[in-house]
file protein.pdb (PDB, C-alpha atoms)
MODEL        1
ATOM      1  CA  MET A   1       8.658  15.557 -61.665
ATOM      2  CA  LEU A   2      11.406  18.051 -61.725
ATOM      3  CA  LYS A   3       9.053  20.872 -62.276
ATOM      4  CA  LYS A   4       6.967  20.021 -59.239
ATOM      5  CA  LYS A   5       9.941  19.979 -56.941
ATOM      6  CA  GLY A   6      11.036  23.245 -58.295
ATOM      7  CA  SER A   7       7.767  24.943 -57.682
ATOM      8  CA  LYS A   8       6.965  23.756 -54.125
ATOM      9  CA  GLY A   9       9.890  21.972 -52.472
ATOM     10  CA  ARG A  10      11.881  24.996 -51.480
ATOM     11  CA  GLN A  11       9.279  26.958 -49.626
ATOM     12  CA  SER A  12       8.136  24.334 -47.094
ATOM     13  CA  ASN A  13      11.054  22.087 -46.372
ATOM     14  CA  GLU A  14      10.310  21.979 -42.635
ATOM     15  CA  ILE A  15       7.417  19.966 -41.183
ATOM     16  CA  ASN A  16       5.513  21.687 -38.428
ATOM     17  CA  ALA A  17       6.449  19.735 -35.306
ATOM     18  CA  GLY A  18       4.049  21.498 -32.992
ATOM     19  CA  SER A  19       1.428  18.762 -33.152
ATOM     20  CA  MET A  20       3.921  16.029 -32.292
ATOM     21  CA  ALA A  21       3.480  16.843 -28.628
ATOM     22  CA  ASP A  22      -0.253  16.278 -28.939
ATOM     23  CA  ILE A  23       0.304  12.935 -30.606
ATOM     24  CA  ALA A  24       2.694  11.901 -27.857
ATOM     25  CA  PHE A  25       0.204  13.030 -25.230
ATOM     26  CA  LEU A  26      -2.515  11.057 -26.932
ATOM     27  CA  LEU A  27      -0.320   7.952 -26.835
ATOM     28  CA  LEU A  28       0.502   8.546 -23.185
ATOM     29  CA  ILE A  29      -3.136   8.945 -22.228
ATOM     30  CA  PHE A  30      -4.168   5.964 -24.308
ATOM     31  CA  PHE A  31      -1.719   3.722 -22.475
ATOM     32  CA  LEU A  32      -2.614   5.211 -19.109
ATOM     33  CA  VAL A  33      -6.267   4.375 -19.685
ATOM     34  CA  THR A  34      -5.880   0.927 -21.203
ATOM     35  CA  THR A  35      -3.220  -0.426 -18.864
ATOM     36  CA  GLN A  36      -4.797  -2.667 -16.248
ATOM     37  CA  ILE A  37      -2.639  -3.448 -13.303
ATOM     38  CA  ALA A  38      -3.648  -6.900 -12.107
ATOM     39  CA  GLU A  39      -5.926  -6.439  -9.122
ATOM     40  CA  ASP A  40      -6.239  -8.823  -6.259
ATOM     41  CA  LYS A  41      -9.630  -9.949  -5.070
ATOM     42  CA  GLY A  42     -10.942 -12.876  -3.146
ATOM     43  CA  VAL A  43     -12.979 -14.219  -0.277
ATOM     44  CA  LEU A  44     -12.067 -12.133   2.762
ATOM     45  CA  THR A  45     -12.172 -13.938   6.095
ATOM     46  CA  VAL A  46     -10.932 -13.399   9.606
ATOM     47  CA  LEU A  47      -9.264 -16.274  11.415
ATOM     48  CA  PRO A  48      -9.976 -16.876  15.091
ATOM     49  CA  PRO A  49      -7.156 -15.887  17.430
ATOM     50  CA  TRP A  50      -4.779 -18.669  18.398
ATOM     51  CA  SER A  51      -5.507 -20.567  21.557
ATOM     52  CA  ASP A  52      -4.054 -23.858  22.637
ATOM     53  CA  ASP A  53      -7.293 -25.563  23.510
ATOM     54  CA  GLU A  54      -9.954 -26.319  20.957
ATOM     55  CA  PRO A  55     -13.258 -24.473  21.264
ATOM     56  CA  ASP A  56     -15.953 -26.750  22.591
ATOM     57  CA  ILE A  57     -19.002 -26.559  20.374
ATOM     58  CA  THR A  58     -20.809 -29.324  22.245
ATOM     59  CA  LYS A  59     -21.831 -26.745  24.853
ATOM     60  CA  LEU A  60     -23.898 -24.893  22.273
ATOM     61  CA  ASN A  61     -27.512 -25.589  21.683
ATOM     62  CA  GLU A  62     -27.498 -28.083  18.860
ATOM     63  CA  ARG A  63     -30.286 -26.442  16.917
ATOM     64  CA  ASN A  64     -28.130 -23.358  16.373
ATOM     65  CA  VAL A  65     -25.152 -25.159  14.920
ATOM     66  CA  TYR A  66     -24.970 -25.635  11.186
ATOM     67  CA  ALA A  67     -22.332 -28.321  10.925
ATOM     68  CA  VAL A  68     -20.719 -28.788   7.528
ATOM     69  CA  LEU A  69     -18.294 -31.662   7.103
ATOM     70  CA  VAL A  70     -16.212 -32.164   3.987
ATOM     71  CA  ASN A  71     -14.347 -35.420   3.558
ATOM     72  CA  ALA A  72     -11.289 -36.313   1.507
ATOM     73  CA  ASN A  73     -13.478 -37.245  -1.469
ATOM     74  CA  ASN A  74     -14.889 -33.724  -1.465
ATOM     75  CA  ASP A  75     -18.330 -34.934  -0.344
ATOM     76  CA  LEU A  76     -20.426 -32.765   1.920
ATOM     77  CA  LEU A  77     -22.255 -33.814   5.039
ATOM     78  CA  VAL A  78     -24.526 -31.062   6.282
ATOM     79  CA  ARG A  79     -26.218 -31.643   9.624
ATOM     80  CA  ASN A  80     -25.711 -35.381   9.210
ATOM     81  CA  GLU A  81     -27.195 -35.480   5.740
ATOM     82  CA  PRO A  82     -25.292 -35.653   2.485
ATOM     83  CA  MET A  83     -25.775 -32.605   0.283
ATOM     84  CA  SER A  84     -24.399 -31.216  -2.934
ATOM     85  CA  ALA A  85     -22.560 -27.902  -2.803
ATOM     86  CA  ARG A  86     -25.145 -26.413  -5.156
ATOM     87  CA  ASP A  87     -27.947 -26.746  -2.589
ATOM     88  CA  LEU A  88     -25.848 -25.447   0.274
ATOM     89  CA  ARG A  89     -26.648 -21.757  -0.150
ATOM     90  CA  LYS A  90     -30.410 -22.221  -0.169
ATOM     91  CA  ASN A  91     -30.340 -24.633   2.735
ATOM     92  CA  ALA A  92     -28.060 -22.405   4.812
ATOM     93  CA  LYS A  93     -30.318 -19.414   4.194
ATOM     94  CA  GLU A  94     -33.331 -21.358   5.365
ATOM     95  CA  PHE A  95     -31.478 -22.560   8.433
ATOM     96  CA  ILE A  96     -30.279 -19.102   9.448
ATOM     97  CA  SER A  97     -33.453 -17.118   8.843
ATOM     98  CA  ASN A  98     -35.837 -19.953   9.811
ATOM     99  CA  PRO A  99     -38.983 -18.391   8.298
ATOM    100  CA  GLU A 100     -41.240 -21.280   9.338
ATOM    101  CA  ASN A 101     -39.989 -21.332  12.922
ATOM    102  CA  ARG A 102     -38.910 -24.920  12.731
ATOM    103  CA  PRO A 103     -37.718 -26.257  16.077
ATOM    104  CA  ASP A 104     -34.573 -27.807  14.602
ATOM    105  CA  TYR A 105     -33.373 -24.633  12.827
ATOM    106  CA  ALA A 106     -31.633 -21.603  14.340
ATOM    107  CA  GLU A 107     -33.565 -19.714  17.034
ATOM    108  CA  LYS A 108     -32.633 -16.414  15.417
ATOM    109  CA  PRO A 109     -29.897 -15.339  13.006
ATOM    110  CA  GLU A 110     -27.750 -13.896  15.814
ATOM    111  CA  LYS A 111     -27.422 -17.307  17.387
ATOM    112  CA  ALA A 112     -26.651 -19.308  14.262
ATOM    113  CA  ILE A 113     -23.134 -20.672  14.104
ATOM    114  CA  ILE A 114     -21.538 -22.343  11.143
ATOM    115  CA  SER A 115     -19.200 -25.143  12.066
ATOM    116  CA  LEU A 116     -16.916 -26.100   9.220
ATOM    117  CA  LYS A 117     -14.737 -29.149   9.351
ATOM    118  CA  ASN A 118     -12.716 -30.654   6.565
ATOM    119  CA  ASP A 119     -10.082 -33.300   5.986
ATOM    120  CA  ARG A 120      -6.412 -32.678   5.257
ATOM    121  CA  GLY A 121      -7.052 -34.373   1.933
ATOM    122  CA  THR A 122      -9.962 -32.127   0.937
ATOM    123  CA  LYS A 123      -9.309 -30.205  -2.241
ATOM    124  CA  TYR A 124      -8.870 -26.467  -1.784
ATOM    125  CA  GLU A 125     -11.296 -25.852  -4.638
ATOM    126  CA  THR A 126     -14.085 -27.580  -2.716
ATOM    127  CA  TYR A 127     -13.231 -25.739   0.475
ATOM    128  CA  ILE A 128     -13.479 -22.390  -1.278
ATOM    129  CA  GLU A 129     -16.725 -23.420  -2.940
ATOM    130  CA  VAL A 130     -18.258 -24.263   0.439
ATOM    131  CA  LEU A 131     -16.925 -21.110   2.061
ATOM    132  CA  ASN A 132     -18.179 -19.064  -0.870
ATOM    133  CA  GLU A 133     -21.672 -20.549  -0.685
ATOM    134  CA  LEU A 134     -21.891 -19.942   3.073
ATOM    135  CA  LYS A 135     -20.697 -16.373   2.692
ATOM    136  CA  GLY A 136     -23.104 -15.962  -0.201
ATOM    137  CA  ALA A 137     -26.016 -17.129   1.970
ATOM    138  CA  TYR A 138     -25.172 -14.490   4.571
ATOM    139  CA  ASN A 139     -24.684 -11.786   1.949
ATOM    140  CA  GLU A 140     -28.063 -12.581   0.418
ATOM    141  CA  LEU A 141     -29.782 -12.526   3.808
ATOM    142  CA  ARG A 142     -28.218  -9.168   4.657
ATOM    143  CA  ASN A 143     -29.250  -7.845   1.286
ATOM    144  CA  GLU A 144     -32.832  -8.991   1.776
ATOM    145  CA  MET A 145     -32.980  -7.379   5.187
ATOM    146  CA  SER A 146     -31.522  -4.159   3.818
ATOM    147  CA  GLU A 147     -34.079  -4.096   0.999
ATOM    148  CA  ARG A 148     -36.859  -4.672   3.510
ATOM    149  CA  THR A 149     -35.829  -1.984   5.994
ATOM    150  CA  HIS A 150     -34.067   0.639   3.883
ATOM    151  CA  GLY A 151     -35.240  -0.136   0.373
ATOM    152  CA  LYS A 152     -31.798  -0.416  -1.159
ATOM    153  CA  PRO A 153     -29.052  -3.033  -1.393
ATOM    154  CA  TYR A 154     -26.691  -3.613   1.519
ATOM    155  CA  GLU A 155     -23.603  -2.296  -0.232
ATOM    156  CA  PHE A 156     -25.187   1.128  -0.824
ATOM    157  CA  LEU A 157     -25.977   1.692   2.854
ATOM    158  CA  ASP A 158     -23.746   3.869   4.982
ATOM    159  CA  LYS A 159     -21.330   2.268   7.427
ATOM    160  CA  ALA A 160     -23.499   2.659  10.551
ATOM    161  CA  LYS A 161     -26.536   1.023   8.952
ATOM    162  CA  GLN A 162     -24.368  -1.741   7.563
ATOM    163  CA  ARG A 163     -23.072  -2.415  11.045
ATOM    164  CA  VAL A 164     -26.598  -2.678  12.443
ATOM    165  CA  ILE A 165     -27.489  -5.293   9.863
ATOM    166  CA  ARG A 166     -24.174  -7.056  10.315
ATOM    167  CA  ASN A 167     -24.863  -7.358  14.029
ATOM    168  CA  LYS A 168     -28.347  -8.725  13.353
ATOM    169  CA  ILE A 169     -26.985 -11.335  10.945
ATOM    170  CA  PRO A 170     -23.431 -12.009  12.066
ATOM    171  CA  LEU A 171     -21.285 -14.419  10.115
ATOM    172  CA  ILE A 172     -19.722 -16.752  12.654
ATOM    173  CA  ILE A 173     -17.722 -19.599  11.204
ATOM    174  CA  SER A 174     -15.986 -21.939  13.545
ATOM    175  CA  GLU A 175     -13.404 -24.110  11.896
ATOM    176  CA  ALA A 176     -12.406 -27.258  13.676
ATOM    177  CA  GLU A 177      -9.032 -28.936  13.369
ATOM    178  CA  PRO A 178      -9.273 -31.065  10.211
ATOM    179  CA  THR A 179      -9.264 -34.817  10.246
ATOM    180  CA  ALA A 180      -6.377 -36.627   8.573
ATOM    181  CA  PHE A 181      -7.859 -39.583   6.734
ATOM    182  CA  GLY A 182      -7.329 -38.572   3.133
ATOM    183  CA  GLU A 183      -4.201 -38.501   1.054
ATOM    184  CA  GLU A 184      -2.399 -35.193   0.766
ATOM    185  CA  GLY A 185      -0.758 -33.951  -2.390
TER     186      GLY A 185
ATOM    187  CA  MET B   1      13.433  48.657 -15.670
ATOM    188  CA  GLY B   2      12.024  50.576 -18.578
ATOM    189  CA  LYS B   3      15.178  50.132 -20.524
ATOM    190  CA  PHE B   4      14.805  46.375 -20.868
ATOM    191  CA  ASN B   5      11.350  46.651 -22.416
ATOM    192  CA  GLU B   6      12.359  49.267 -24.893
ATOM    193  CA  GLY B   7      15.243  47.335 -26.256
ATOM    194  CA  LYS B   8      13.783  43.876 -26.955
ATOM    195  CA  GLY B   9      10.034  43.621 -26.176
ATOM    196  CA  LYS B  10       8.503  44.116 -29.573
ATOM    197  CA  GLU B  11      10.028  41.415 -31.723
ATOM    198  CA  MET B  12      10.291  38.315 -29.510
ATOM    199  CA  PRO B  13      10.453  35.193 -31.717
ATOM    200  CA  ALA B  14       7.968  32.420 -30.907
ATOM    201  CA  VAL B  15       9.336  29.757 -28.568
ATOM    202  CA  SER B  16      10.216  26.701 -30.558
ATOM    203  CA  THR B  17       7.893  23.824 -29.685
ATOM    204  CA  ALA B  18       9.932  21.305 -31.629
ATOM    205  CA  SER B  19      11.480  19.837 -28.476
ATOM    206  CA  LEU B  20       8.141  19.380 -26.703
ATOM    207  CA  PRO B  21       7.505  15.910 -28.162
ATOM    208  CA  ASP B  22      10.909  14.832 -26.928
ATOM    209  CA  ILE B  23      10.061  15.977 -23.432
ATOM    210  CA  ILE B  24       6.758  14.101 -23.516
ATOM    211  CA  PHE B  25       8.420  11.004 -24.894
ATOM    212  CA  MET B  26      10.988  11.213 -22.137
ATOM    213  CA  LEU B  27       8.141  11.292 -19.601
ATOM    214  CA  LEU B  28       6.491   8.329 -21.313
ATOM    215  CA  PHE B  29       9.708   6.301 -21.224
ATOM    216  CA  PHE B  30      10.386   7.282 -17.651
ATOM    217  CA  PHE B  31       7.015   5.948 -16.541
ATOM    218  CA  MET B  32       7.323   2.867 -18.716
ATOM    219  CA  VAL B  33      10.653   2.001 -17.136
ATOM    220  CA  THR B  34       9.762   2.750 -13.542
ATOM    221  CA  THR B  35       6.332   1.062 -13.490
ATOM    222  CA  VAL B  36       6.632  -2.315 -11.830
ATOM    223  CA  LEU B  37       3.923  -4.707 -12.926
ATOM    224  CA  ARG B  38       5.004  -7.863 -11.135
ATOM    225  CA  GLU B  39       7.376  -7.947  -8.206
ATOM    226  CA  ASN B  40       8.740 -11.431  -8.419
ATOM    227  CA  THR B  41       8.605 -14.408 -10.707
ATOM    228  CA  LEU B  42       6.507 -17.321  -9.597
ATOM    229  CA  LYS B  43       8.207 -20.626  -8.974
ATOM    230  CA  VAL B  44       4.993 -22.466  -8.182
ATOM    231  CA  ASP B  45       1.988 -23.061 -10.428
ATOM    232  CA  VAL B  46      -1.083 -21.264  -9.163
ATOM    233  CA  VAL B  47      -4.524 -21.377 -10.744
ATOM    234  CA  THR B  48      -6.887 -19.829  -8.223
ATOM    235  CA  PRO B  49     -10.443 -21.212  -8.045
ATOM    236  CA  LYS B  50     -13.551 -19.251  -8.977
ATOM    237  CA  ALA B  51     -15.945 -17.665  -6.507
ATOM    238  CA  THR B  52     -18.768 -15.130  -6.443
ATOM    239  CA  GLU B  53     -18.555 -13.376  -3.066
ATOM    240  CA  LEU B  54     -15.414 -11.379  -3.724
ATOM    241  CA  THR B  55     -13.887  -8.409  -1.999
ATOM    242  CA  LYS B  56     -11.378  -6.204  -3.746
ATOM    243  CA  LEU B  57      -8.128  -5.494  -1.969
ATOM    244  CA  ILE B  58      -7.550  -1.794  -2.367
ATOM    245  CA  HIS B  59      -4.504  -0.915  -0.317
ATOM    246  CA  LYS B  60      -1.711  -2.752  -2.061
ATOM    247  CA  THR B  61       0.899  -1.641   0.440
ATOM    248  CA  LEU B  62      -0.952  -3.428   3.245
ATOM    249  CA  VAL B  63      -1.184  -6.765   1.471
ATOM    250  CA  ASN B  64       1.359  -9.544   1.569
ATOM    251  CA  THR B  65       0.956 -12.493  -0.704
ATOM    252  CA  ILE B  66       1.556 -16.161  -0.053
ATOM    253  CA  HIS B  67       1.503 -18.390  -3.111
ATOM    254  CA  VAL B  68       0.776 -22.080  -2.690
ATOM    255  CA  GLY B  69       0.999 -24.667  -5.423
ATOM    256  CA  LYS B  70       3.097 -27.359  -7.057
ATOM    257  CA  PRO B  71       6.594 -26.232  -8.056
ATOM    258  CA  LYS B  72       6.920 -25.390 -11.750
ATOM    259  CA  GLU B  73       8.454 -28.071 -13.968
ATOM    260  CA  ASN B  74      11.931 -26.601 -14.108
ATOM    261  CA  TYR B  75      12.043 -26.378 -10.310
ATOM    262  CA  GLN B  76      10.766 -29.893  -9.661
ATOM    263  CA  ASP B  77      14.301 -31.362  -9.537
ATOM    264  CA  ILE B  78      15.039 -29.142  -6.561
ATOM    265  CA  TYR B  79      11.750 -28.968  -4.722
ATOM    266  CA  GLY B  80       9.901 -32.130  -5.779
ATOM    267  CA  THR B  81       6.264 -32.268  -6.842
ATOM    268  CA  ALA B  82       4.503 -31.850  -3.504
ATOM    269  CA  PRO B  83       2.758 -28.482  -3.046
ATOM    270  CA  MET B  84       5.044 -25.786  -1.637
ATOM    271  CA  LEU B  85       4.551 -22.177  -0.747
ATOM    272  CA  GLN B  86       6.356 -19.179  -2.086
ATOM    273  CA  LEU B  87       7.065 -16.172   0.099
ATOM    274  CA  GLY B  88       8.446 -13.251  -1.848
ATOM    275  CA  ASP B  89      10.762 -14.890  -4.377
ATOM    276  CA  LYS B  90      11.704 -17.878  -2.239
ATOM    277  CA  VAL B  91      10.122 -21.316  -2.159
ATOM    278  CA  SER B  92       9.687 -22.058   1.520
ATOM    279  CA  SER B  93       7.786 -24.084   4.086
ATOM    280  CA  PRO B  94       5.127 -22.941   6.582
ATOM    281  CA  ARG B  95       7.921 -22.623   9.167
ATOM    282  CA  ASP B  96       9.190 -19.478   7.426
ATOM    283  CA  ILE B  97       5.878 -17.620   7.646
ATOM    284  CA  PRO B  98       6.388 -15.852  11.021
ATOM    285  CA  LEU B  99       9.687 -14.333   9.859
ATOM    286  CA  PHE B 100       8.161 -13.315   6.524
ATOM    287  CA  LEU B 101       5.270 -11.572   8.290
ATOM    288  CA  GLU B 102       7.647  -9.869  10.704
ATOM    289  CA  ASN B 103       9.758  -8.605   7.793
ATOM    290  CA  PHE B 104       6.679  -7.283   6.068
ATOM    291  CA  LYS B 105       5.527  -5.504   9.223
ATOM    292  CA  THR B 106       8.694  -3.449   9.434
ATOM    293  CA  LYS B 107       7.857  -1.856   6.081
ATOM    294  CA  VAL B 108       4.403  -0.704   7.248
ATOM    295  CA  PRO B 109       3.884   2.345   9.483
ATOM    296  CA  GLU B 110       3.117   1.318  13.029
ATOM    297  CA  LYS B 111      -0.475   2.513  13.230
ATOM    298  CA  LYS B 112      -1.446   0.676  10.058
ATOM    299  CA  ARG B 113      -0.068  -2.682  11.137
ATOM    300  CA  GLY B 114      -3.456  -3.911  12.315
ATOM    301  CA  LEU B 115      -4.826  -3.538   8.800
ATOM    302  CA  ILE B 116      -2.396  -5.887   7.111
ATOM    303  CA  ILE B 117      -4.102  -8.549   5.017
ATOM    304  CA  SER B 118      -2.472 -11.776   3.941
ATOM    305  CA  SER B 119      -3.605 -12.769   0.500
ATOM    306  CA  LEU B 120      -3.445 -16.511  -0.040
ATOM    307  CA  LYS B 121      -3.096 -17.370  -3.699
ATOM    308  CA  VAL B 122      -3.651 -21.084  -3.636
ATOM    309  CA  ASP B 123      -3.934 -23.506  -6.511
ATOM    310  CA  GLY B 124      -7.339 -25.177  -6.713
ATOM    311  CA  ASP B 125      -5.884 -28.688  -6.720
ATOM    312  CA  VAL B 126      -3.909 -28.280  -3.514
ATOM    313  CA  THR B 127      -5.275 -30.218  -0.549
ATOM    314  CA  MET B 128      -6.193 -28.602   2.738
ATOM    315  CA  GLY B 129      -3.301 -30.159   4.690
ATOM    316  CA  ILE B 130      -0.670 -27.587   3.761
ATOM    317  CA  LEU B 131      -3.249 -24.815   3.976
ATOM    318  CA  GLN B 132      -4.104 -25.854   7.503
ATOM    319  CA  ASP B 133      -0.427 -25.651   8.468
ATOM    320  CA  ILE B 134      -0.266 -22.170   6.948
ATOM    321  CA  LYS B 135      -3.418 -21.070   8.771
ATOM    322  CA  THR B 136      -2.039 -22.356  12.055
ATOM    323  CA  LYS B 137       1.166 -20.356  11.540
ATOM    324  CA  LEU B 138      -0.800 -17.249  10.598
ATOM    325  CA  ARG B 139      -2.938 -17.560  13.704
ATOM    326  CA  GLN B 140       0.100 -18.098  15.895
ATOM    327  CA  SER B 141       1.675 -14.918  14.551
ATOM    328  CA  SER B 142      -1.692 -13.110  14.998
ATOM    329  CA  GLN B 143      -2.125 -12.385  11.320
ATOM    330  CA  LEU B 144      -5.869 -12.989  11.309
ATOM    331  CA  LYS B 145      -7.094 -11.042   8.305
ATOM    332  CA  ILE B 146      -6.739 -13.240   5.297
ATOM    333  CA  ASN B 147      -8.037 -13.251   1.791
ATOM    334  CA  TYR B 148      -8.485 -16.383  -0.280
ATOM    335  CA  SER B 149      -7.667 -15.038  -3.687
ATOM    336  CA  ALA B 150     -10.149 -16.104  -6.363
ATOM    337  CA  LYS B 151     -11.325 -15.281  -9.846
ATOM    338  CA  THR B 152     -14.725 -13.875 -10.634
ATOM    339  CA  GLN B 153     -17.355 -16.440 -11.520
ATOM    340  CA  GLU B 154     -20.257 -15.470 -13.713
ATOM    341  CA  GLN B 155     -23.577 -15.646 -11.885
ATOM    342  CA  LYS B 156     -25.628 -18.709 -12.677
TER     343      LYS B 156
ENDMDL
END

call {"tool": "encode", "arguments": {"input": "protein.pdb", "output": "structure tokens"}}
result
Amino acid sequence: MLKKKGSKGRQSNEINAGSMADIAFLLLIFFLVTTQIAEDKGVLTVLPPWSDDEPDITKLNERNVYAVLVNANNDLLVRNEPMSARDLRKNAKEFISNPENRPDYAEKPEKAIISLKNDRGTKYETYIEVLNELKGAYNELRNEMSERTHGKPYEFLDKAKQRVIRNKIPLIISEAEPTAFGEEG
Amino acid sequence: MGKFNEGKGKEMPAVSTASLPDIIFMLLFFFMVTTVLRENTLKVDVVTPKATELTKLIHKTLVNTIHVGKPKENYQDIYGTAPMLQLGDKVSSPRDIPLFLENFKTKVPEKKRGLIISSLKVDGDVTMGILQDIKTKLRQSSQLKINYSAKTQEQK
């Protein structure tokens, strides 16, 4: 033991600190890359501007209105027929695009209007589910149209082409003042 | 000029790099200390629902957040158990929304004020009553762009 120290210890009693900087850099970069700052995402919507009188949807042609009612028990009534939220997307797509030209479905996508009405006791979860399905129906329709005309998905189109499709299939949701039958909490 | 070179130029010792790690560490600590991950502590419980049609909010400086949910257990003595909303770090009622929005607007440059988005982080179990009151207030203060915050749901 003594001998070893004697032979080597003296000559290199200082560790080369030059690589410490690299190690520190590596740490810094590692943390920079792995740190995820919580991002915010969600269903983006635009509210209608405030006006004191309620919009009158009775003036509209009834075949163009896709009325969705949600009660305090979170049950759906779509165009006067009960429906589960799972079938909503498919049904809404059929209503908007109307491939078979049914007389009771929308004349054309531009004229379709979604009327959404809920109760003050409706759960938020259900509301979002319904909103999500309706938005999903529109997104899928826009995507299909984009694939048909441009051969690529909607999100890869440039802004001008997106606007053309958006004007062809506009998302119009009219939300009526909710009823107040259910219990809040 | 020539004189300086003659005198010292040839035998310059290498610059000591021993202090470099300290400088880097200082940088690391500086960023660690100054990075703010969460602005204010939540006083209400919020578990946002899941959805598929999501949009990412990119410009953080143009987003104000409204949390809605039941007060956390240790705040229930003060605020009760009915759903409340939190603006900034205060538990408040829908009445306080116009002032909150106005305060937020002053921090945003004038030409970007039309792009402000209100992000609603609402608990899934909250009923639509309080949300309707909030929406009415938002519409009255012409804050029309809103985002219902949600988690990503795997495609079926």

call {"tool": "atom_distance", "arguments": {"input": "protein.pdb", "atom1": "atom CA of Thr122 of chain A", "atom2": "atom CA of His67 of chain B"}}
result
18.3 Å

call {"tool": "closest_atom_pairs", "arguments": {"input": "protein.pdb", "of": "chain B", "to": "chain A", "cutoff": "7 Å", "atoms": "all atoms listed in the file", "output": "Markdown table"}}
result
| residue | atom | partner | partner_atom | distance |
| --- | --- | --- | --- | --- |
| B:Thr17 | CA | A:Gly18 | CA | 5.6 |
| B:Ala18 | CA | A:Ala17 | CA | 5.3 |
| B:Leu20 | CA | A:Ala21 | CA | 5.6 |
| B:Pro21 | CA | A:Ala21 | CA | 4.2 |
| B:Ile24 | CA | A:Ala24 | CA | 6.3 |
| B:Phe25 | CA | A:Ala24 | CA | 6.5 |
| B:Leu28 | CA | A:Leu28 | CA | 6.3 |
| B:Leu37 | CA | A:Ile37 | CA | 6.7 |
| B:Pro49 | CA | A:Glu125 | CA | 5.8 |
| B:Ala51 | CA | A:Asn132 | CA | 6.2 |
| B:Thr52 | CA | A:Asn132 | CA | 6.8 |
| B:Glu53 | CA | A:Gly136 | CA | 6.0 |
| B:Leu54 | CA | A:Gly42 | CA | 4.8 |
| B:Thr55 | CA | A:Lys41 | CA | 5.5 |
| B:Lys56 | CA | A:Lys41 | CA | 4.3 |
| B:Leu57 | CA | A:Lys41 | CA | 5.6 |
| B:Ala82 | CA | A:Gly185 | CA | 5.8 |
| B:Pro83 | CA | A:Gly185 | CA | 6.5 |
| B:Gly124 | CA | A:Glu125 | CA | 4.5 |
| B:Asp125 | CA | A:Lys123 | CA | 5.8 |
| B:Val126 | CA | A:Tyr124 | CA | 5.6 |
| B:Thr127 | CA | A:Lys123 | CA | 4.4 |
| B:Met128 | CA | A:Arg120 | CA | 4.8 |
| B:Gly129 | CA | A:Arg120 | CA | 4.0 |
| B:Arg139 | CA | A:Trp50 | CA | 5.2 |
| B:Gln140 | CA | A:Trp50 | CA | 5.5 |
| B:Ser142 | CA | A:Pro49 | CA | 6.6 |
| B:Leu144 | CA | A:Leu47 | CA | 4.7 |
| B:Lys145 | CA | A:Val46 | CA | 4.7 |
| B:Ile146 | CA | A:Thr45 | CA | 5.5 |
| B:Asn147 | CA | A:Leu44 | CA | 4.3 |
| B:Tyr148 | CA | A:Val43 | CA | 5.0 |
| B:Ser149 | CA | A:Gly42 | CA | 4.0 |
| B:Ala150 | CA | A:Gly42 | CA | 4.6 |

call {"tool": "closest_residue", "arguments": {"input": "protein.pdb", "among": "B:Lys90, B:Lys151, B:Lys105, B:Lys111", "to": "Ile66 of chain B", "atoms": "only C-alpha atoms"}}
result
B:Lys90

call {"tool": "atom_distance", "arguments": {"input": "protein.pdb", "atom1": "atom CA of Leu120 of chain B", "atom2": "atom CA of Val68 of chain B"}}
result
7.5 Å

call {"tool": "resolve_selection", "arguments": {"input": "protein.pdb", "expression": "the PyMOL selection byres ((chain A and resi 168) around 10)", "output": "list in words"}}
result
Lys108, Pro109, Glu110, Lys111, Arg142, Met145, Gln162, Arg163, Val164, Ile165, Arg166, Asn167, Ile169, Pro170 and Leu171 of chain A

call {"tool": "write_last_selection", "arguments": {"input": "protein.pdb", "atoms": "C-alpha atoms", "output": "PDB file, in the frame of the given file"}}
result
ATOM      1  CA  LYS A 108     -32.633 -16.414  15.417  1.00  0.00           C
ATOM      2  CA  PRO A 109     -29.897 -15.339  13.006  1.00  0.00           C
ATOM      3  CA  GLU A 110     -27.750 -13.896  15.814  1.00  0.00           C
ATOM      4  CA  LYS A 111     -27.422 -17.307  17.387  1.00  0.00           C
ATOM      5  CA  ARG A 142     -28.218  -9.168   4.657  1.00  0.00           C
ATOM      6  CA  MET A 145     -32.980  -7.379   5.187  1.00  0.00           C
ATOM      7  CA  GLN A 162     -24.368  -1.741   7.563  1.00  0.00           C
ATOM      8  CA  ARG A 163     -23.072  -2.415  11.045  1.00  0.00           C
ATOM      9  CA  VAL A 164     -26.598  -2.678  12.443  1.00  0.00           C
ATOM     10  CA  ILE A 165     -27.489  -5.293   9.863  1.00  0.00           C
ATOM     11  CA  ARG A 166     -24.174  -7.056  10.315  1.00  0.00           C
ATOM     12  CA  ASN A 167     -24.863  -7.358  14.029  1.00  0.00           C
ATOM     13  CA  ILE A 169     -26.985 -11.335  10.945  1.00  0.00           C
ATOM     14  CA  PRO A 170     -23.431 -12.009  12.066  1.00  0.00           C
ATOM     15  CA  LEU A 171     -21.285 -14.419  10.115  1.00  0.00           C
TER      16      LEU A 171
END

call {"tool": "closest_residue", "arguments": {"input": "protein.pdb", "among": "B:Lys135, B:Lys70, B:Lys107, B:Lys112", "to": "Val44 of chain B", "atoms": "all atoms listed in the file"}}
result
B:Lys70
